[in-house]
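Taking it in order: structure first as structure tokens, then the write-up.
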Amino acid sequence: MTFQRILVPIAGAALVVFAWRAYGWAGVALVGGGILMWILLHFTRLTQVLKRASDRPIGWVDSAVMLNARLKPNLTLLHVIGLARALGEQLSPKDEQPEIFRWTDGSASHVTCEFAAGKLVKWTLERPAPQPADALEAGR
């Protein structure tokens with residue numbers, strides 16, 4: 001369990017209590033409005049990312065190499081979906097840790113990402129083996 005799930009609500013409640021003690025109902029209204037705005041901004045971001053991802057096939061990305069270059073440790077699954085602009089193909093059993101997702105591009109290159117507790121732990125880029133020049137000439 002992450003501390004963020006505990007600390008964020010406690011910090012919000014502490015801000016409301018501080019606002020009450022310092023400014024009364026006006027302070028509570030101001031802090032409550034700020035907290036509501038913060039929640040709405042996160043909800044809007046979530047819906048925009050999922051809206052963009054809904055227009056694409058599951059597990060598809062324009063360029064697996066470019067996605068690989070933009071990945072960093074501790075990115076959230078939502079952030080990676082935003083970078084790929086598509087939902088990943090889930091390779092691990094549902095609701096089991098670690099979660100493994102794959103995004104593939106048109107050249108059969110693919111990025112496989114492993115998430116633990118919703119954060120990117122590791123990822124690998126796999127590219128198809130290049131065909132020898134002789135095999136390309138024989139095919140013509």
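Ordered as shown in the structure tokens, chains take letters A, B, and onward, while each chain numbers its residues from 1 and ligands are numbered from 1 in the order shown.
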Going by DSSP on the backbone, which bits of chain A are alpha helix (DSSP H)? Write them as a ChimeraX atom specification, please. /A:4-23,25-54,64-70,77-84,133-138
Find the residues near Arg102 of chain A: any atom within 10 Å, counting only C-alpha atoms, skip ones fewer than 3 places away on the same chain, and give them as a PyMOL selection string. chain A and resi 58-61+64+87-91+110-114+123-125
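From atom CA of Leu41 of chain A back to atom CA of Ala13 of chain A, the distance works out to 19.0 Å.
Neighbouring residues of Arg52 of chain A at 8 Å or closer, counting only C-alpha atoms and skipping chain neighbours under 6 positions away, are Gly82, Arg85 and Ala86 of chain A.
Note that atom CA of Phe3 of chain A and atom CA of Leu75 of chain A are 16.7 Å apart.
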